[in-house]
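Enquirer: I'd like to ask some things about the structure below.
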Amino acid sequence: MAIYFNSSQFPNFEQKSSWKVIVGSIIGLITLFWLAKGVFFILNIIAPFLLIITLILNYKVVLGYGTWLLELIKRDLLLGILAAIGTVFFFPVVSAYLFGKMLLLRKVNKMKNEFNTQNTFYQNEEFTSYEEVEEIAPNILKLPKTAEKQTNSNNYDTFFEQK
């Protein structure tokens with residue numbers, strides 16, 4: 001369903017000409033480029049510190065990434081070498097990824113520990129009393145067999161029979 005309206009109904013609405021849209025798009029893309037360049041510049045400066053903090057707080061994250069790279073090299077040599085080269089070239093992004101993964105795993109472990117300390121049911125080892133109940137054999141009802149419906153047959157039924 002298309003919605004049609006007349007610009008005279010909306011006096012403040014004007015159709016923009018195509019060159020204004022193109023210029024606006026170019027300015028927007030340039031702005032996004034400079035923002036991304038600034039973010040990567042800052043990330044490039046703090047990347048070594050992020051990696052060191054990740055190693056101190058949870059070194060298993062970095063070891064897991066290295067293990068993944070080695071397994072990838074063993075499984076598919078070309079893709080593994082490309083991933084290793086990409087790790088070197090995109091070091092700021094990789095270190096930010098590993099730092100984020102470390103923070104996420106730390107938060108999950110903290111929540112898991114909180115849940116285990118709050119759930120003291122298994123830690124007290126107090127068992128509830130119970131009694132065994134003999135199993136009663138269920139009464140199986142036998143239903144009478146239903147008579148099959150007889151349908152009126154016609155020549156149409158024989159069209160699809162295979163000979």
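The chains in the structure tokens are called A, B, ... from first to last as shown; in each chain the residues are counted from 1, and the ligands are counted from 1 in the order shown.
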For A:Leu57, work out the shell of residues within 9 Å, counting only C-alpha atoms and skipping chain neighbours fewer than 5 positions away, then give it as a ChimeraX atom specification.

Expert: /A:52,102,106

Enquirer: Go ahead and save the picked residues with C-alpha atoms, as a JSON list (two decimals), in the first residue's frame.

Expert:
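Output contents, as saved in again-v4.json:
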[["chain", "number", "residue", "atom", "x", "y", "z"],
["A", 52, "ILE", "CA", 48.56, -6.12, 29.57],
["A", 102, "MET", "CA", 37.83, -10.84, 29.49],
["A", 106, "ARG", "CA", 34.67, -11.93, 34.50]]

Enquirer: Please provide as an NGL selection string all residues within 10 Å of A:Thr54, with the sequence filter that same-chain residues fewer than 4 positions apart are discarded (counting only C-alpha atoms).

Expert: :A and (48-50 or 58-62 or 95-96 or 98-103)

Enquirer: Of the candidates A:Ser129, A:Thr31, A:Thr87, A:Asn113, which shows the shortest atom-to-atom distance to A:Gly66, using only C-alpha atoms?

Expert: A:Thr87
